[in-house]
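So the structure is just underneath, and the comments pick up after that.
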Amino acid sequence: MIAVLLAAYQGGPCLEAQLDSILAQTVPNIRIIISHNGSDDCTRQVLEQYKKYYPRQILLRPRVKEGRFRDREPFIPASAMNFFWLMAQTDADYVLLSNQDDVWDSLKVKKLLKKMKETERPGHPALVYSDMEVVDEELRQINPSFFSYSRLNPGPGTFSRLLTENTITGGSMMMNRALLHLARQIPHACFMHDWWIALCASCFGDISCVRESLSLYRLHDACLSGIPTKGSPEELLARDEQTAYENYRRIFRQAAAFGKQYQKQMKPEDRAALRAFLSLPGQTPSQRLRTIAAYRLFKSSWIGTVGQCVTIPVTPGTNF
């Protein structure tokens, strides 16, 4: 069985196009499990209408905000908790995550599934993902490649590399059941659910990429206005100091949480890379450069790699 997990909130204007594109996949019998909470637009009405016409494929699972699924901000964003909730609602063989405002190519699931069959080993976690075409609110092309637009190098998906930045967007990924069972264990802290899933896959399983745009990734006007291309010198200079500090704090908090949760299961080399990464805040820029080179804690671009040597706030290192 294949399940698509979709967290819907204020998604009325775009939701129908995405649901139609998932229902039009060439792989049959895909179930769409949807969490919807608190929307005051037409989201609920759209979902109930689709549920009426596709009762076997559309499953509505509003999130229960209590017990282990209670709100945990600022340690886990609310949007990430929605996906941890959704991951607990299925035991499918293969699971995809969906943004509510994307539009999928009709062959997306088929191509990711083919890549998955080539990648996974029995009993081992596996993740495959694809490129995406970046579009505006009216689905007009901005860039044919999300990788190019974001200046991300999609490979290799090593644990040390993924500690420093997430190169795998949730809406582009497919995971197998072994990864689902591992990654849905709610952590003490994470930057975002897709980054956490990618860390789990890189540390304990296999990752492969389909270097083809298999969906339209919609950027809204608020995301486009005056924002430089990610990873460019202009973007680095434009960063707000307080926002950058908070992002780094969340990144290192996520890394420490990963170590606490999985250290006994980790390979020695990954455990060493994690300890080295967590030591970076307590080092000078020149020390950081040596540590990054020794443990291959590289970002996608040289400017990003060098940038983290000088922009990480100087604080005591974190242990796990």
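Labels for the structure tokens follow display order: chains A, B, ..., residues from 1 in each chain, ligands from 1.
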Neighbour list for segment 19-31 of chain A as a PyMOL selection string, cut-off 6 Å, only C-alpha atoms, skip fewer than 4 positions in-chain: chain A and resi 2-3+57+103-104+106+110
For those residues, write C-alpha atoms to a file as a short mmCIF file (atom, residue, chain, number, x, y, z; two decimals), in the first residue's frame.
data_model
loop_
_atom_site.label_atom_id
_atom_site.label_comp_id
_atom_site.auth_asym_id
_atom_site.auth_seq_id
_atom_site.Cartn_x
_atom_site.Cartn_y
_atom_site.Cartn_z
CA ILE A 2 1.10 3.55 -0.74
CA ALA A 3 0.00 6.44 1.46
CA GLN A 57 -8.87 6.96 -0.94
CA VAL A 103 0.92 19.94 -8.10
CA TRP A 104 2.34 16.51 -8.91
CA SER A 106 1.09 12.08 -12.99
CA LYS A 110 5.61 5.55 -10.38
#
Please return as a PyMOL selection string: the residues of segment 29-277 of chain A that backbone DSSP assigns to strand (DSSP E). chain A and resi 30-36+58-60+94-98+103-104+126-135+141-143+173-176+206-218
Sorted by chain and rising residue number, list the residues of segment 132-191 of chain A at most 6 Å from segment 245-266 of chain A (counting only C-alpha atoms), each with its closest atom pair and distance in Å to one decimal, as a Markdown table.
| residue | atom | partner | partner_atom | distance |
| --- | --- | --- | --- | --- |
| A:His188 | CA | A:Ala257 | CA | 5.7 |
| A:Ala189 | CA | A:Gln254 | CA | 5.3 |
| A:Cys190 | CA | A:Gln254 | CA | 4.5 |
| A:Phe191 | CA | A:Arg250 | CA | 5.7 |
Produce a file of the selected residues containing all heavy atoms, as a PDB file, in the first residue's frame.
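Writing the result to again_26.pdb gives the following:
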ATOM      1  N   HIS A 188      12.982  14.881  20.856  1.00  0.00           N
ATOM      2  CA  HIS A 188      12.894  15.983  21.822  1.00  0.00           C
ATOM      3  C   HIS A 188      12.856  17.318  21.085  1.00  0.00           C
ATOM      4  O   HIS A 188      12.191  18.263  21.527  1.00  0.00           O
ATOM      5  CB  HIS A 188      14.088  15.942  22.786  1.00  0.00           C
ATOM      6  CG  HIS A 188      14.169  17.143  23.679  1.00  0.00           C
ATOM      7  ND1 HIS A 188      13.278  17.368  24.712  1.00  0.00           N
ATOM      8  CD2 HIS A 188      15.024  18.211  23.674  1.00  0.00           C
ATOM      9  CE1 HIS A 188      13.584  18.504  25.317  1.00  0.00           C
ATOM     10  NE2 HIS A 188      14.633  19.037  24.701  1.00  0.00           N
ATOM     11  N   ALA A 189      13.571  17.396  19.969  1.00  0.00           N
ATOM     12  CA  ALA A 189      13.611  18.634  19.196  1.00  0.00           C
ATOM     13  C   ALA A 189      13.981  18.321  17.764  1.00  0.00           C
ATOM     14  O   ALA A 189      14.746  17.397  17.493  1.00  0.00           O
ATOM     15  CB  ALA A 189      14.633  19.616  19.795  1.00  0.00           C
ATOM     16  N   CYS A 190      13.430  19.080  16.831  1.00  0.00           N
ATOM     17  CA  CYS A 190      13.860  19.000  15.429  1.00  0.00           C
ATOM     18  C   CYS A 190      13.604  20.331  14.761  1.00  0.00           C
ATOM     19  O   CYS A 190      12.719  21.090  15.162  1.00  0.00           O
ATOM     20  CB  CYS A 190      13.171  17.855  14.688  1.00  0.00           C
ATOM     21  SG  CYS A 190      11.441  18.147  14.255  1.00  0.00           S
ATOM     22  N   PHE A 191      14.393  20.616  13.746  1.00  0.00           N
ATOM     23  CA  PHE A 191      14.218  21.857  12.985  1.00  0.00           C
ATOM     24  C   PHE A 191      12.930  21.781  12.172  1.00  0.00           C
ATOM     25  O   PHE A 191      12.127  22.701  12.161  1.00  0.00           O
ATOM     26  CB  PHE A 191      15.419  22.075  12.068  1.00  0.00           C
ATOM     27  CG  PHE A 191      15.497  23.457  11.503  1.00  0.00           C
ATOM     28  CD1 PHE A 191      16.342  24.396  12.070  1.00  0.00           C
ATOM     29  CD2 PHE A 191      14.753  23.816  10.393  1.00  0.00           C
ATOM     30  CE1 PHE A 191      16.427  25.690  11.545  1.00  0.00           C
ATOM     31  CE2 PHE A 191      14.830  25.098   9.862  1.00  0.00           C
ATOM     32  CZ  PHE A 191      15.664  26.040  10.440  1.00  0.00           C
TER      33      PHE A 191
END
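The smallest atom-to-atom distance between Thr315 of chain A and any of A:Gly67, A:Leu278, A:Pro74, A:Glu118, using only C-alpha atoms, is found for A:Leu278.
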Residues within 12 Å of His193 of chain A, only C-alpha atoms, excluding chain neighbours under 5 positions, as a PDB file with C-alpha atoms, in the first residue's frame:
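Everything below was put into selection25.pdb:
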ATOM      1  CA  PHE A  75      11.345  22.596  20.140  1.00  0.00           C
ATOM      2  CA  ILE A  76       9.182  21.137  17.361  1.00  0.00           C
ATOM      3  CA  PRO A  77       7.258  23.425  14.957  1.00  0.00           C
ATOM      4  CA  ALA A  78       3.486  22.872  14.803  1.00  0.00           C
ATOM      5  CA  SER A  79       3.716  21.968  11.108  1.00  0.00           C
ATOM      6  CA  ALA A  80       6.267  19.250  11.918  1.00  0.00           C
ATOM      7  CA  MET A  81       4.056  17.858  14.704  1.00  0.00           C
ATOM      8  CA  ASN A  82       1.234  17.567  12.166  1.00  0.00           C
ATOM      9  CA  PHE A  83       3.403  15.242  10.080  1.00  0.00           C
ATOM     10  CA  PHE A  84       4.568  13.207  13.078  1.00  0.00           C
ATOM     11  CA  TRP A  85       0.855  12.730  13.811  1.00  0.00           C
ATOM     12  CA  LEU A  86       0.168  11.698  10.223  1.00  0.00           C
ATOM     13  CA  MET A  87       3.080   9.239  10.194  1.00  0.00           C
ATOM     14  CA  LEU A  97       4.626  13.639   2.082  1.00  0.00           C
ATOM     15  CA  ASN A 166      18.732  19.814   4.641  1.00  0.00           C
ATOM     16  CA  ILE A 168      15.683  16.976   0.855  1.00  0.00           C
ATOM     17  CA  THR A 169      12.318  18.739   0.800  1.00  0.00           C
ATOM     18  CA  GLY A 170       9.405  16.845   2.369  1.00  0.00           C
ATOM     19  CA  GLY A 171       7.121  17.251  -0.621  1.00  0.00           C
ATOM     20  CA  MET A 173      10.323  12.403  -0.805  1.00  0.00           C
ATOM     21  CA  LEU A 180       8.603   5.328   8.621  1.00  0.00           C
ATOM     22  CA  ALA A 183      11.497   8.446  11.888  1.00  0.00           C
ATOM     23  CA  ARG A 184       8.032   8.701  13.447  1.00  0.00           C
ATOM     24  CA  GLN A 185       9.495   8.337  16.938  1.00  0.00           C
ATOM     25  CA  ILE A 186       8.915  11.919  18.080  1.00  0.00           C
ATOM     26  CA  PRO A 187      12.227  13.569  19.007  1.00  0.00           C
ATOM     27  CA  ALA A 198      16.521  12.725   6.107  1.00  0.00           C
ATOM     28  CA  LEU A 199      18.896  12.440   9.079  1.00  0.00           C
ATOM     29  CA  CYS A 200      17.361   9.079  10.030  1.00  0.00           C
ATOM     30  CA  GLN A 254      18.174  19.045  16.574  1.00  0.00           C
TER      31      GLN A 254
END
How many Å lie between atom CA of Ala17 of chain A and atom CA of Leu47 of chain A, rounded to one decimal? 12.1 Å
Which distance in Å separates atom CA of Leu163 of chain A and atom CA of Ser286 of chain A, to one decimal? 19.6 Å
Could you name the residues that touch Glu120 of chain A at 12 Å or less, counting only C-alpha atoms, but leaving out those on the same chain fewer than 4 positions away, as a PyMOL selection string? chain A and resi 93-94+112-116+124-128+174-179+201+204-208
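With atom CA of Ser213 of chain A on one side and atom CA of Gly11 of chain A on the other, the separation reads 22.9 Å.
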Find the residues near Arg290 of chain A: any atom within 12 Å, counting only C-alpha atoms, skip ones fewer than 2 places away on the same chain, and give them as a list in words. Ala276, Phe277, Ser279, Leu280, Gln283, Thr284, Pro285, Ser286, Gln287, Arg288, Ile292, Ala293, Ala294, Tyr295, Arg296, Leu297, Phe298, Thr305, Val306 and Cys309 of chain A
Just C-alpha atoms for this one: save the residues we selected as a PDB file, in the first residue's frame.
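Result file follows (again.pdb):
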ATOM      1  CA  ALA A 276      32.458  17.191  15.932  1.00  0.00           C
ATOM      2  CA  PHE A 277      29.476  19.113  14.580  1.00  0.00           C
ATOM      3  CA  SER A 279      31.649  21.196  19.040  1.00  0.00           C
ATOM      4  CA  LEU A 280      31.603  23.915  16.327  1.00  0.00           C
ATOM      5  CA  GLN A 283      35.501  26.893  18.343  1.00  0.00           C
ATOM      6  CA  THR A 284      37.181  29.804  16.573  1.00  0.00           C
ATOM      7  CA  PRO A 285      36.528  30.233  12.826  1.00  0.00           C
ATOM      8  CA  SER A 286      39.887  28.673  11.907  1.00  0.00           C
ATOM      9  CA  GLN A 287      39.261  25.716  14.236  1.00  0.00           C
ATOM     10  CA  ARG A 288      35.824  25.264  12.690  1.00  0.00           C
ATOM     11  CA  ILE A 292      34.541  20.815   8.938  1.00  0.00           C
ATOM     12  CA  ALA A 293      37.269  19.542   6.598  1.00  0.00           C
ATOM     13  CA  ALA A 294      38.200  16.626   8.859  1.00  0.00           C
ATOM     14  CA  TYR A 295      34.632  15.366   9.266  1.00  0.00           C
ATOM     15  CA  ARG A 296      33.298  16.498   5.866  1.00  0.00           C
ATOM     16  CA  LEU A 297      30.657  18.771   7.363  1.00  0.00           C
ATOM     17  CA  PHE A 298      30.300  20.602   4.052  1.00  0.00           C
ATOM     18  CA  THR A 305      30.714  26.156   4.046  1.00  0.00           C
ATOM     19  CA  VAL A 306      33.030  29.082   4.722  1.00  0.00           C
ATOM     20  CA  CYS A 309      32.753  29.140  10.030  1.00  0.00           C
TER      21      CYS A 309
END
Which parts of segment 164-278 of chain A does DSSP call alpha helix (DSSP H) when run on the backbone here, written out as number ranges by chain? A: 164, 177-183, 193-204, 221-224, 233-238, 241-262, 268-278
Nearest candidate to Gly155 of chain A (options A:Asp131, A:Glu66, A:Asp41, A:Glu73; using only C-alpha atoms): A:Asp131
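Among the candidates A:Asp91, A:Glu138, A:Glu241, A:Asp270, the residue lying nearest to His181 of chain A is A:Asp91 (atoms considered: only C-alpha atoms).
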